[in-house]
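What follows is a short report on a single structure.
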Amino acid sequence: MVTTFSSKRTETASNVPRGRQPQPATLVIFGAGGDLTKRLVVPALYHLVQSRELPDQFAIIGVDHDDQTTEQWRQNLTNMMRTSTPSGRLDVQAWSWLADRMHYFRADLTQAETFRNLNGLLVQQRAHNNATNVLFYLAVSERFFGPIVEQLGHAGLTQQTERAWRRVIIEKPFGHDLSSAKALNAQILGVLSEDQIYRIDHFLGKETVQNILVLRFANGIFEPLWNRNHIDNVQITAAETIGVEGRGRFYEQTGALRDMVPNHLFQLTAMIGMEPPISFDADAVRTKKTEFLQAIHPISPEHAVRGQYGGGIALGQKVQGYRHEPDVAPDSATETYVALKLGIDNWRWAGVPFYLRTGKRLSARMTEIAIQFRQAPYALFRDTPVERLPANILTLRIQPDEGLSVSFSAKRPGTEIEIYGVAMDFAYRDYFEPVATVGYETLIYDCLVGDATLFQRADTVEVTWRAVQGLIDSWSRDPTTDFPNYAGGSAGPVAADRLLACDGRAWLPIGADHPHAAIRPDVAGSVAAKVTP
Ligand code: BG6
């Protein structure tokens, strides 16, 4: 059974209608000394200060076990911000605004006393700035998620009133399989109501991902074509050039499938595949996404490819294989690459494969979605080499080089009908000022205003794990023997190419200069299609 999300819904401050202006609040960060806080949470808060999107009555309490004072914590973060801000130009006014509101609380997260003392600190804080609302951010290892929420509950810290909301942000990974995700949902829903829980998938913080809904539903031209009558296949790629970057211990337990597919890649898939919601209300959007994810067929091992990188040359540098990374077993069977073919069981998508691939140490960093349309009817091009006519492709470039392009055929000027593949391109940078972002600004802001649209609901998380559980089980029963099977810096294992070749299709290239390089005349040559009456 999927956990229902309304089981503990109560009439409190958190579900009365709100504007988009954050109310006074205290942010409590568990894991204040950790990497996530330093690299993402604090820089995102700084950017929110710069864009004046935090309430004046705002405070941060950082909780961790490191022995340091508030002054030392602030100083460490100031140093970090100075080195990470482009050209070292820290906006001192914005940073001081934030740093002055930071307090450090040294504590052991496993002790009940910590949470009683935290209660005392929040009372003091409230007397100082009148902020009754509290957002708890669990920037800690996943094993602490459940216990911290329980301790918050025991200390009465999750209790909401008409005038005070309490919300909790939970980081990824949310479970490591279906049963652990269900257990974690049950544990935290024993303390919190669903509308207090904000499960983060940081891909949803990316502007380009949020833009998918606008692209589809705020434009009249796409939706009529957005179905099996017109779309041949969808390809979703999240390619990385980095290896496991010192995260060997975590990665050995996780692998590419768990790390990227039921969360990030499925979120992208759902944005492309979901039905139009009746509004942009959080539950309207999340219900449609969840329904789409429920329609994914169980993935059979024949439709899945796993890979692990060996040594190679990536971005001009010699790189070692995964099995030589720190904290990785010399005979590790953990996959660093996965490619899947998904079938979707609904009227809109029946028969349209969604091909997904993600991997580390590939030839380029690129996250993109390519919607490949059916070829034009052949009749007009009889007696011509039509099999070389390119299909129309709509490419959504999520990162880097954010934008969108559409490829189509055009006649090259001249007496013969020669058809060329050309593309129209939209790049964000041509239209919009670049905004300093680490991708967490919108997510934190949305929590403060109580908008859960970009967060995963309990049932959504469980549905995504359910979709991959069969494959996880099958892969763990049947460890592969051919690892490593792709060179660092390559496009991935050849078996991934075969997955599409069996269907008469091919992946779009990773890391070509242009997303449509494969059909550019200078790369692929022209298509001469002389039409005979
Ligand atoms: C994380 C994964 O969730 O997402 C990492 O744990 C991965 O392994 C990262 O590198 C990718 O995110 P982004 O935003 O860098 O594409």
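By order of appearance in the structure tokens: chains A, B, ..., then residues from 1 within every chain, and ligands from 1 in the order shown.
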I'd like a table as a Markdown table: residues in chain A with an atom no more than 10 Å from ligand 1, each row giving the shortest atom pair and its distance in Å to one decimal, only C-alpha atoms and all ligand atoms counted, sorted by chain and rising residue number.
| residue | atom | partner | partner_atom_place_in_ligand_line | distance |
| --- | --- | --- | --- | --- |
| A:Glu171 | CA | ligand 1 | 3 (O) | 9.4 |
| A:Lys172 | CA | ligand 1 | 3 (O) | 6.9 |
| A:Pro173 | CA | ligand 1 | 3 (O) | 7.8 |
| A:Ile200 | CA | ligand 1 | 3 (O) | 9.9 |
| A:Asp201 | CA | ligand 1 | 3 (O) | 7.6 |
| A:His202 | CA | ligand 1 | 14 (O) | 6.9 |
| A:Phe203 | CA | ligand 1 | 14 (O) | 6.2 |
| A:Leu204 | CA | ligand 1 | 14 (O) | 9.7 |
| A:Gly205 | CA | ligand 1 | 14 (O) | 9.1 |
| A:Lys206 | CA | ligand 1 | 14 (O) | 8.0 |
| A:Ala238 | CA | ligand 1 | 16 (O) | 7.0 |
| A:Ala239 | CA | ligand 1 | 16 (O) | 8.2 |
| A:Glu240 | CA | ligand 1 | 10 (O) | 7.0 |
| A:Thr241 | CA | ligand 1 | 10 (O) | 9.3 |
| A:Ile242 | CA | ligand 1 | 10 (O) | 7.6 |
| A:Gly243 | CA | ligand 1 | 10 (O) | 8.4 |
| A:Val244 | CA | ligand 1 | 8 (O) | 7.1 |
| A:Glu245 | CA | ligand 1 | 10 (O) | 8.9 |
| A:Arg247 | CA | ligand 1 | 8 (O) | 8.5 |
| A:Phe250 | CA | ligand 1 | 6 (O) | 9.1 |
| A:Tyr251 | CA | ligand 1 | 8 (O) | 7.9 |
| A:Thr254 | CA | ligand 1 | 6 (O) | 9.0 |
| A:Gly255 | CA | ligand 1 | 8 (O) | 8.7 |
| A:Ala256 | CA | ligand 1 | 8 (O) | 7.5 |
| A:Arg258 | CA | ligand 1 | 6 (O) | 9.0 |
| A:Asp259 | CA | ligand 1 | 6 (O) | 5.3 |
| A:Met260 | CA | ligand 1 | 2 (C) | 6.2 |
| A:Val261 | CA | ligand 1 | 3 (O) | 9.8 |
| A:Asn263 | CA | ligand 1 | 3 (O) | 8.2 |
| A:His264 | CA | ligand 1 | 3 (O) | 7.3 |
| A:Thr336 | CA | ligand 1 | 8 (O) | 9.3 |
| A:Thr358 | CA | ligand 1 | 7 (C) | 9.7 |
| A:Gly359 | CA | ligand 1 | 10 (O) | 9.0 |
| A:Lys360 | CA | ligand 1 | 10 (O) | 7.7 |
| A:Arg365 | CA | ligand 1 | 16 (O) | 8.4 |
| A:Met366 | CA | ligand 1 | 16 (O) | 8.3 |
| A:Thr367 | CA | ligand 1 | 16 (O) | 7.1 |
| A:Ile398 | CA | ligand 1 | 16 (O) | 9.1 |
| A:Gln399 | CA | ligand 1 | 16 (O) | 7.6 |
| A:Pro400 | CA | ligand 1 | 16 (O) | 9.2 |
| A:Val438 | CA | ligand 1 | 14 (O) | 9.0 |
| A:Gly439 | CA | ligand 1 | 14 (O) | 7.9 |
*Would you please give, as number ranges by chain, all residues of stretch 130-369 of chain A that DSSP assigns to helix (DSSP H, G or I) based on the backbone?*
A: 142-154, 178-189, 194-196, 202-205, 207-217, 223-225, 248-273, 282-294, 301-303, 322-324
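The spacing separating atom CA of A:Asp327 from atom CA of A:Ala487 amounts to 20.1 Å.
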*Residue nearest A:Glu441 among A:Val28, A:Val41, A:Val123, A:Ala329 (counting only C-alpha atoms)*: A:Val41
_Residue neighbourhood A:Ala370, 10 Å, only C-alpha atoms, exclusion window fewer than 2 positions, as a VMD selection string_ = chain A and resid 233 to 237 354 to 355 368 372 to 373 392 to 397 404 to 406 507 to 508 515
Selection near A:Tyr198, 12 Å with only C-alpha atoms, sequence-local residues under 6 positions removed, as a compact mmCIF listing (two decimals) with N, CA and C atoms, in the first residue's frame:
# COMPACT_ATOMS: atom_id res chain seq x y z
N LEU A 135 11.78 26.08 10.50
CA LEU A 135 12.08 25.13 9.42
C LEU A 135 13.30 24.32 9.83
N PHE A 136 13.14 23.02 9.95
CA PHE A 136 14.26 22.14 10.32
C PHE A 136 14.85 21.56 9.03
N TYR A 137 16.13 21.71 8.87
CA TYR A 137 16.79 21.21 7.66
C TYR A 137 17.68 20.04 8.05
N LEU A 138 17.37 18.84 7.56
CA LEU A 138 18.18 17.67 7.91
C LEU A 138 19.29 17.48 6.88
N ARG A 166 5.62 24.40 11.54
CA ARG A 166 6.87 23.63 11.70
C ARG A 166 7.03 22.77 10.46
N ARG A 167 8.15 22.90 9.79
CA ARG A 167 8.38 22.12 8.57
C ARG A 167 9.75 21.46 8.63
N VAL A 168 9.88 20.37 7.89
CA VAL A 168 11.15 19.62 7.91
C VAL A 168 11.59 19.34 6.47
N ILE A 169 12.83 19.72 6.17
CA ILE A 169 13.39 19.39 4.86
C ILE A 169 14.23 18.13 5.00
N ILE A 170 13.96 17.16 4.14
CA ILE A 170 14.72 15.90 4.18
C ILE A 170 15.47 15.75 2.87
N GLU A 171 16.75 15.51 3.00
CA GLU A 171 17.61 15.40 1.82
C GLU A 171 17.50 14.02 1.19
N LYS A 172 18.10 13.88 0.05
CA LYS A 172 18.26 12.59 -0.61
C LYS A 172 19.43 11.86 0.07
N PHE A 174 16.25 9.22 -0.02
CA PHE A 174 15.11 8.86 0.79
C PHE A 174 14.92 7.35 0.67
N ASN A 185 9.10 6.55 5.49
CA ASN A 185 7.84 7.31 5.41
C ASN A 185 6.98 7.05 6.64
N ILE A 188 8.46 8.82 9.79
CA ILE A 188 8.32 10.28 9.90
C ILE A 188 6.85 10.71 9.87
N LEU A 192 5.02 13.63 11.86
CA LEU A 192 4.68 14.83 11.09
C LEU A 192 3.50 14.54 10.17
N ALA A 282 0.31 22.49 -5.45
CA ALA A 282 1.29 21.43 -5.19
C ALA A 282 0.70 20.04 -5.39
N LEU A 443 14.22 26.09 -3.75
CA LEU A 443 13.73 25.04 -2.85
C LEU A 443 13.57 25.57 -1.43
N ILE A 444 14.57 26.30 -0.94
CA ILE A 444 14.49 26.83 0.43
C ILE A 444 13.38 27.88 0.51
N TYR A 445 13.32 28.73 -0.50
CA TYR A 445 12.30 29.77 -0.51
C TYR A 445 10.90 29.13 -0.50
N ASP A 446 10.71 28.12 -1.33
CA ASP A 446 9.40 27.47 -1.40
C ASP A 446 9.01 26.85 -0.06
N CYS A 447 9.97 26.29 0.67
CA CYS A 447 9.65 25.76 2.00
C CYS A 447 9.19 26.89 2.91
N LEU A 448 9.88 28.02 2.82
CA LEU A 448 9.52 29.12 3.71
C LEU A 448 8.11 29.66 3.41
N VAL A 449 7.70 29.59 2.15
CA VAL A 449 6.35 30.05 1.84
C VAL A 449 5.33 28.92 1.85
N GLY A 450 5.78 27.70 2.11
CA GLY A 450 4.85 26.58 2.24
C GLY A 450 4.36 26.03 0.90
N ASP A 451 5.20 26.13 -0.13
CA ASP A 451 4.80 25.60 -1.44
C ASP A 451 5.56 24.30 -1.71
N ALA A 452 4.85 23.19 -1.69
CA ALA A 452 5.51 21.88 -1.78
C ALA A 452 5.55 21.33 -3.21
N THR A 453 5.21 22.14 -4.20
CA THR A 453 5.13 21.63 -5.57
C THR A 453 6.42 20.92 -6.01
N LEU A 454 7.56 21.48 -5.63
CA LEU A 454 8.83 20.94 -6.11
C LEU A 454 9.41 19.85 -5.19
N PHE A 455 8.61 19.37 -4.28
CA PHE A 455 9.11 18.35 -3.34
C PHE A 455 8.35 17.04 -3.54
N GLN A 456 8.99 15.97 -3.15
CA GLN A 456 8.41 14.66 -3.41
C GLN A 456 7.45 14.25 -2.29
N ARG A 457 6.29 13.78 -2.70
CA ARG A 457 5.31 13.31 -1.74
C ARG A 457 5.63 11.87 -1.38
N ALA A 458 5.10 11.42 -0.23
CA ALA A 458 5.39 10.04 0.23
C ALA A 458 5.05 9.02 -0.85
N VAL A 461 7.55 8.97 -3.85
CA VAL A 461 8.82 8.30 -3.55
C VAL A 461 8.65 6.78 -3.61
